[in-house]
Structure formats: C-alpha cells, structure tokens
>>> print(open('my_file_29.tsv').read())   # TSV, C-alpha atoms
chain	number	residue	atom	x	y	z
A	1	ASN	CA	40.98	104.65	96.18
A	2	ALA	CA	39.45	102.25	93.69
A	3	GLY	CA	41.75	99.45	94.88
A	4	VAL	CA	42.10	96.75	92.24
A	5	THR	CA	39.87	96.95	89.19
A	6	GLN	CA	39.44	94.49	86.34
A	7	THR	CA	37.94	94.79	82.89
A	8	PRO	CA	35.89	93.26	81.48
A	9	LYS	CA	33.67	91.69	84.15
A	10	PHE	CA	32.21	89.09	81.79
A	11	ARG	CA	33.21	87.74	78.41
A	12	VAL	CA	32.19	84.91	76.11
A	13	LEU	CA	34.71	83.76	73.51
A	14	LYS	CA	34.71	81.18	70.79
A	15	THR	CA	37.51	78.63	70.67
A	16	GLY	CA	40.55	80.14	68.99
A	17	GLN	CA	39.68	83.77	69.66
A	18	SER	CA	42.06	86.01	71.55
A	19	MET	CA	41.48	88.56	74.25
A	20	THR	CA	43.22	90.66	76.88
A	21	LEU	CA	42.14	91.11	80.48
A	22	LEU	CA	43.18	94.35	82.10
A	23	CYS	CA	44.00	94.80	85.77
A	24	ALA	CA	44.71	98.15	87.37
A	25	GLN	CA	45.64	99.08	90.95
A	26	ASP	CA	46.02	102.48	92.55
A	27	MET	CA	47.72	101.40	95.79
A	28	ASN	CA	51.26	101.69	94.44
A	29	HIS	CA	51.81	97.97	95.01
A	30	GLU	CA	54.98	96.49	93.63
A	31	TYR	CA	53.64	93.00	93.04
A	32	MET	CA	50.75	91.93	90.86
A	33	TYR	CA	49.29	88.52	90.14
A	34	TRP	CA	46.81	86.73	87.94
A	35	TYR	CA	44.87	83.76	89.33
A	36	ARG	CA	42.19	81.53	87.99
A	37	GLN	CA	39.58	79.91	90.19
A	38	ASP	CA	37.69	76.80	89.21
A	39	PRO	CA	35.09	74.91	91.26
A	40	GLY	CA	36.74	72.68	93.86
A	41	MET	CA	40.24	73.73	92.75
A	42	GLY	CA	40.86	76.87	94.73
A	43	LEU	CA	42.96	79.72	93.40
A	44	ARG	CA	45.81	78.85	91.05
A	45	LEU	CA	48.53	81.30	90.12
A	46	ILE	CA	48.93	81.88	86.38
A	47	HIS	CA	51.62	84.58	86.18
A	48	TYR	CA	52.93	87.26	88.45
A	49	SER	CA	55.07	90.38	88.38
A	50	VAL	CA	57.40	91.80	91.00
A	51	GLY	CA	57.78	95.14	89.29
A	52	GLU	CA	57.34	97.17	86.15
A	53	GLY	CA	58.78	95.40	83.15
A	54	THR	CA	59.14	92.03	84.90
A	55	THR	CA	56.93	88.95	84.76
A	56	ALA	CA	57.26	85.33	85.83
A	57	LYS	CA	55.36	82.08	85.45
A	58	GLY	CA	53.16	80.74	88.16
A	59	GLU	CA	51.59	77.35	88.65
A	60	VAL	CA	49.47	77.18	85.45
A	61	PRO	CA	51.01	79.54	82.84
A	62	ASP	CA	50.37	77.58	79.65
A	63	GLY	CA	48.10	79.31	77.16
A	64	TYR	CA	48.51	82.74	78.79
A	65	ASN	CA	50.88	85.67	78.40
A	66	VAL	CA	51.24	88.78	80.53
A	67	SER	CA	52.79	92.21	80.39
A	68	ARG	CA	53.54	94.86	83.00
A	69	LEU	CA	54.48	97.98	81.09
A	70	LYS	CA	53.32	100.29	83.86
A	71	LYS	CA	53.49	99.70	87.60
A	72	GLN	CA	49.76	100.10	88.02
A	73	ASN	CA	48.66	97.79	85.20
A	74	PHE	CA	48.99	94.07	84.62
A	75	LEU	CA	47.58	92.55	81.43
A	76	LEU	CA	46.67	88.92	80.88
A	77	GLY	CA	46.41	87.70	77.31
A	78	LEU	CA	44.85	84.61	75.83
A	79	GLU	CA	46.22	84.14	72.32
A	80	SER	CA	43.97	81.24	71.26
A	81	ALA	CA	41.23	80.55	73.77
A	82	ALA	CA	40.28	76.97	74.63
A	83	PRO	CA	37.25	75.65	76.54
A	84	SER	CA	39.62	74.59	79.34
A	85	GLN	CA	40.24	78.29	79.97
A	86	THR	CA	36.65	78.82	81.03
A	87	SER	CA	37.10	80.12	84.55
A	88	VAL	CA	36.91	83.11	86.85
A	89	TYR	CA	40.07	85.19	86.64
A	90	PHE	CA	41.21	87.28	89.59
A	91	CYS	CA	43.91	89.88	89.58
A	92	ALA	CA	45.62	90.72	92.87
A	93	SER	CA	48.30	93.06	94.10
A	94	SER	CA	50.45	93.37	97.20
A	95	TYR	CA	53.40	95.18	98.68
A	96	SER	CA	56.88	93.77	98.35
A	97	SER	CA	58.67	91.48	100.75
A	98	ASN	CA	59.80	94.22	103.09
A	99	ARG	CA	56.20	94.44	104.16
A	100	ALA	CA	55.88	90.71	104.52
A	101	ALA	CA	52.88	90.86	106.81
A	102	SER	CA	50.65	92.45	104.22
A	103	GLY	CA	48.21	90.33	102.33
A	104	LYS	CA	46.89	90.55	98.85
A	105	PHE	CA	44.12	92.69	97.51
A	106	PHE	CA	41.94	91.17	94.84
A	107	GLY	CA	39.98	92.64	91.97
A	108	PRO	CA	36.31	91.72	91.47
A	109	GLY	CA	37.06	89.03	88.90
A	110	THR	CA	36.40	88.38	85.22
A	111	ARG	CA	34.07	85.54	84.31
A	112	LEU	CA	35.25	84.03	81.04
A	113	THR	CA	33.41	81.39	79.07
A	114	VAL	CA	35.01	79.78	76.04
A	115	LEU	CA	32.61	77.94	73.78
B	1	ARG	CA	50.92	66.89	99.24
B	2	LYS	CA	49.21	70.26	99.03
B	3	GLU	CA	50.98	73.26	100.53
B	4	VAL	CA	47.85	74.28	102.43
B	5	GLU	CA	45.02	71.98	103.38
B	6	GLN	CA	41.58	72.79	104.69
B	7	ASP	CA	38.45	70.85	105.46
B	8	PRO	CA	36.04	71.92	102.68
B	9	GLY	CA	33.00	71.59	104.96
B	10	PRO	CA	30.32	72.74	104.78
B	11	PHE	CA	29.99	73.67	108.40
B	12	ASN	CA	26.30	74.22	109.10
B	13	VAL	CA	25.76	76.08	112.36
B	14	PRO	CA	22.88	77.98	113.96
B	15	GLU	CA	23.05	81.69	114.59
B	16	GLY	CA	24.89	82.48	117.79
B	17	ALA	CA	27.04	79.37	117.67
B	18	THR	CA	30.80	79.31	117.98
B	19	VAL	CA	32.63	77.63	115.12
B	20	ALA	CA	36.30	76.94	114.48
B	21	PHE	CA	38.24	76.06	111.36
B	22	ASN	CA	41.73	74.69	111.12
B	23	CYS	CA	44.20	74.80	108.30
B	24	THR	CA	47.52	72.95	108.03
B	25	TYR	CA	50.54	73.99	106.00
B	26	SER	CA	53.51	71.95	104.85
B	27	ASN	CA	56.37	74.45	104.63
B	28	SER	CA	57.90	75.07	108.04
B	29	ALA	CA	59.68	78.15	106.66
B	30	SER	CA	56.38	79.92	105.99
B	31	GLN	CA	56.43	83.44	107.33
B	32	SER	CA	53.04	85.07	107.01
B	33	PHE	CA	49.57	83.72	107.51
B	34	PHE	CA	46.15	85.06	106.64
B	35	TRP	CA	42.49	84.27	106.61
B	36	TYR	CA	40.44	85.46	103.66
B	37	ARG	CA	36.71	85.45	103.24
B	38	GLN	CA	35.09	84.80	99.88
B	39	ASP	CA	31.39	85.29	99.25
B	40	CYS	CA	29.67	83.44	96.45
B	41	ARG	CA	30.71	84.82	93.06
B	42	LYS	CA	32.86	87.51	94.67
B	43	GLU	CA	36.58	88.08	95.09
B	44	PRO	CA	38.48	86.94	98.19
B	45	LYS	CA	38.83	89.66	100.80
B	46	LEU	CA	41.39	89.79	103.55
B	47	LEU	CA	39.72	88.98	106.86
B	48	MET	CA	42.73	89.10	109.12
B	49	SER	CA	46.41	88.36	109.37
B	50	VAL	CA	47.49	85.72	111.83
B	51	TYR	CA	50.26	86.50	114.29
B	52	SER	CA	52.33	84.12	116.37
B	53	SER	CA	50.85	85.40	119.61
B	54	GLY	CA	47.32	85.03	118.29
B	55	ASN	CA	45.08	87.94	117.50
B	56	GLU	CA	41.49	88.95	117.83
B	57	ASP	CA	39.24	91.20	115.79
B	58	GLY	CA	35.80	91.49	117.30
B	59	ARG	CA	34.15	88.07	117.12
B	60	PHE	CA	37.05	86.58	115.19
B	61	THR	CA	40.14	85.04	116.77
B	62	ALA	CA	43.06	83.67	114.78
B	63	GLN	CA	45.87	81.54	116.16
B	64	LEU	CA	49.08	80.11	114.81
B	65	ASN	CA	50.80	76.96	115.99
B	66	ARG	CA	54.20	76.83	114.32
B	67	ALA	CA	55.24	73.60	116.02
B	68	SER	CA	52.28	71.72	114.58
B	69	GLN	CA	52.08	73.88	111.45
B	70	TYR	CA	48.48	74.87	111.62
B	71	ILE	CA	46.44	78.00	111.93
B	72	SER	CA	42.93	78.35	113.22
B	73	LEU	CA	40.02	80.74	112.97
B	74	LEU	CA	37.39	80.95	115.69
B	75	ILE	CA	34.13	82.77	115.09
B	76	ARG	CA	32.00	83.53	118.13
B	77	ASP	CA	28.31	84.44	118.12
B	78	SER	CA	27.90	83.53	114.44
B	79	LYS	CA	25.77	85.82	112.29
B	80	LEU	CA	23.88	84.98	109.12
B	81	SER	CA	26.24	87.36	107.35
B	82	ASP	CA	29.22	85.19	108.31
B	83	SER	CA	28.07	82.62	105.74
B	84	ALA	CA	30.89	82.43	103.23
B	85	THR	CA	33.94	80.40	102.27
B	86	TYR	CA	36.99	81.00	104.41
B	87	LEU	CA	40.36	80.66	102.72
B	88	CYS	CA	43.56	79.94	104.58
B	89	VAL	CA	46.59	81.59	102.98
B	90	VAL	CA	50.25	81.05	103.73
B	91	ARG	CA	53.09	83.20	102.45
B	92	SER	CA	56.45	81.47	102.20
B	93	ASP	CA	59.90	82.90	102.72
B	94	ASN	CA	59.98	83.38	98.97
B	95	PHE	CA	58.04	86.63	98.93
B	96	ASN	CA	56.05	85.97	95.83
B	97	LYS	CA	54.74	82.62	96.96
B	98	PHE	CA	51.29	82.76	98.45
B	99	TYR	CA	49.60	79.40	98.89
B	100	PHE	CA	45.84	79.28	99.09
B	101	GLY	CA	43.77	76.59	100.65
B	102	SER	CA	40.68	75.44	98.77
B	103	GLY	CA	38.48	77.00	101.42
B	104	THR	CA	36.05	75.96	104.14
B	105	LYS	CA	32.41	76.72	103.54
B	106	LEU	CA	30.37	78.05	106.44
B	107	ASN	CA	26.58	78.19	106.44
B	108	VAL	CA	25.00	80.03	109.37
B	109	LYS	CA	21.31	79.25	109.64
B	110	PRO	CA	18.54	81.08	111.50
>>> encode(input="my_file_29.tsv", output="structure tokens")
Amino acid sequence: NAGVTQTPKFRVLKTGQSMTLLCAQDMNHEYMYWYRQDPGMGLRLIHYSVGEGTTAKGEVPDGYNVSRLKKQNFLLGLESAAPSQTSVYFCASSYSSNRAASGKFFGPGTRLTVL
Amino acid sequence: RKEVEQDPGPFNVPEGATVAFNCTYSNSASQSFFWYRQDCRKEPKLLMSVYSSGNEDGRFTAQLNRASQYISLLIRDSKLSDSATYLCVVRSDNFNKFYFGSGTKLNVKP
C-alpha cells in the first residue's frame, strides 16, 4: 500500500498562474480532504469530499476548487494563484462515520510558493 | 474561541524524562480523539487514538476527561527521536469535522 500520495512535492508559481494538485489514496477511504498549513496557524481545512462526485467547502475555501471524479483521487485547483496561497498543502483521507474511531491518513505534502 | 487549544511550548526536556501535554476542546459532543505527531517539514502521522478508559502504547499513555473536556498525552523515558510537534485532534459528532490543535513542540535533549 502506498497510502496517500501527492503530486507534485514542490512547485513555484507566479501570481495569476493556475495549477492542480493531485492526491491519490489506495486504502478505499470514503472521505478525502485538502488542508493547508501555515506557520503558527495549524492545519486549516480547504475543501473535503465524502464520496465520489461530492465535494464541500471547509474553513478556507476561497481561491480553490476541487473535484472527486474517482473515489481514489481528489484534485485541488488554484485558478489564479496569489502570494497568500504560499503554503504547505496536505491531502488526507479517512473512513466514513461508521468507523468513527479511525483517524486520518495524510499525504507527504506539497510545498507551494507563489511569487 | 478555538475548537481545540494546546500549549505551543516548546517543552525542552532531557532524555529519560517524563513529559505530559494537555489539550482542551470546546465541543462537549465530540466523539473521537487522537494524538498526531508531526516532524519538521513532514506530514502529520497518527500516534494514537484516545479512549475514554485511557490507553497505553509502549511509553505513551493517552487519557480523556470528558467532564473537563481535555485529553492528555504522557511520554515516559523520553528519547531524542520523540522530538516533534504533537497535534491534538478532535472529531465531532458531524463525521467530517476534525479539529486540529496548533500543536505542542517537544525538544528532547541529550
């Protein structure tokens, strides 16, 4: 099992450019999440998905879009990158609520710098 | 008020010491509780779940106090490799709501 994987690992963008971050999991988890982590701020939820074809907004969704076309993949898009989106992005996945005791599994992160 | 609050530390302890962290949560309906460990520039990794009766995993002991709404993590016989940031995580009755603390930094020194 690869667990949760993310591509790319690093990226530098110019303001206004667009990009897509890819997250993949092979644990057959129903739920998937995108977080950003900034110094001193902890993890903040951007968007999440409770199943294929469904997405929902988290705590800080502005400037991001997501899609979950396949159960194992969750894509995070930045349509017009801004310097405020410089951050480390973590994807995570977990089982559904009927396994409430299970935690989340995180990918290795994508370090994004917007100049 | 934050959903989950932790002392950011750092806690600087010598090898072999016992150290404890607490974390408080605001939602009394919270159902699941976890401790995660995050190394510098790495992803958070699940350290252990926290059960109402308390649970132990080797040198690590986690406890939950629902009445006072806090969870704790005790690390005995600290190792240099325990140096990391420890994140407290609370899952609410709304299944998709995980709340992360900002983390407590632990430095174990020789």
>>> closest_residue(input="my_file_29.tsv", among="A:Arg111, A:His47, A:Lys104, A:His29", to="Gly77 of chain A", atoms="all atoms listed in the file")
A:His47
>>> residues_around(input="my_file_29.tsv", residues="segment 21-27 of chain B", least_positions_apart="6", cutoff="6 Å", atoms="only C-alpha atoms", output="list of chain:residue names")
B:Glu3, B:Val4, B:Glu5, B:Gln6, B:Gln69, B:Tyr70, B:Ile71, B:Ser72, B:Leu73
>>> closest_residue(input="my_file_29.tsv", among="B:Val90, B:Ala84, B:Gly9, B:Thr18", to="Leu64 of chain B", atoms="all atoms listed in the file")
B:Val90
>>> residues_near_point(input="my_file_29.tsv", point="(45.9, 86.8, 89.3)", cutoff="12 Å", atoms="all atoms listed in the file", output="number ranges by chain")
A: 4-6, 21-24, 31-37, 43-49, 56-61, 64, 66, 74-76, 88-94, 104-110; B: 43-44, 98
>>> atom_distance(input="my_file_29.tsv", atom1="atom CA of Ala2 of chain A", atom2="atom CA of Cys88 of chain B")
25.2 Å
>>> interface_residues(input="my_file_29.tsv", of="chain B", to="chain A", cutoff="8 Å", atoms="all atoms listed in the file", output="ChimeraX atom specification")
/B:31-34,42-46,49,95-96,100-103
>>> residues_around(input="my_file_29.tsv", residues="Ser52 of chain B", least_positions_apart="3", cutoff="9 Å", atoms="all atoms listed in the file", output="VMD selection string")
chain B and resid 55 63 to 66
>>> atom_distance(input="my_file_29.tsv", atom1="atom CA of Ser84 of chain A", atom2="atom CA of Asp62 of chain A")
11.2 Å
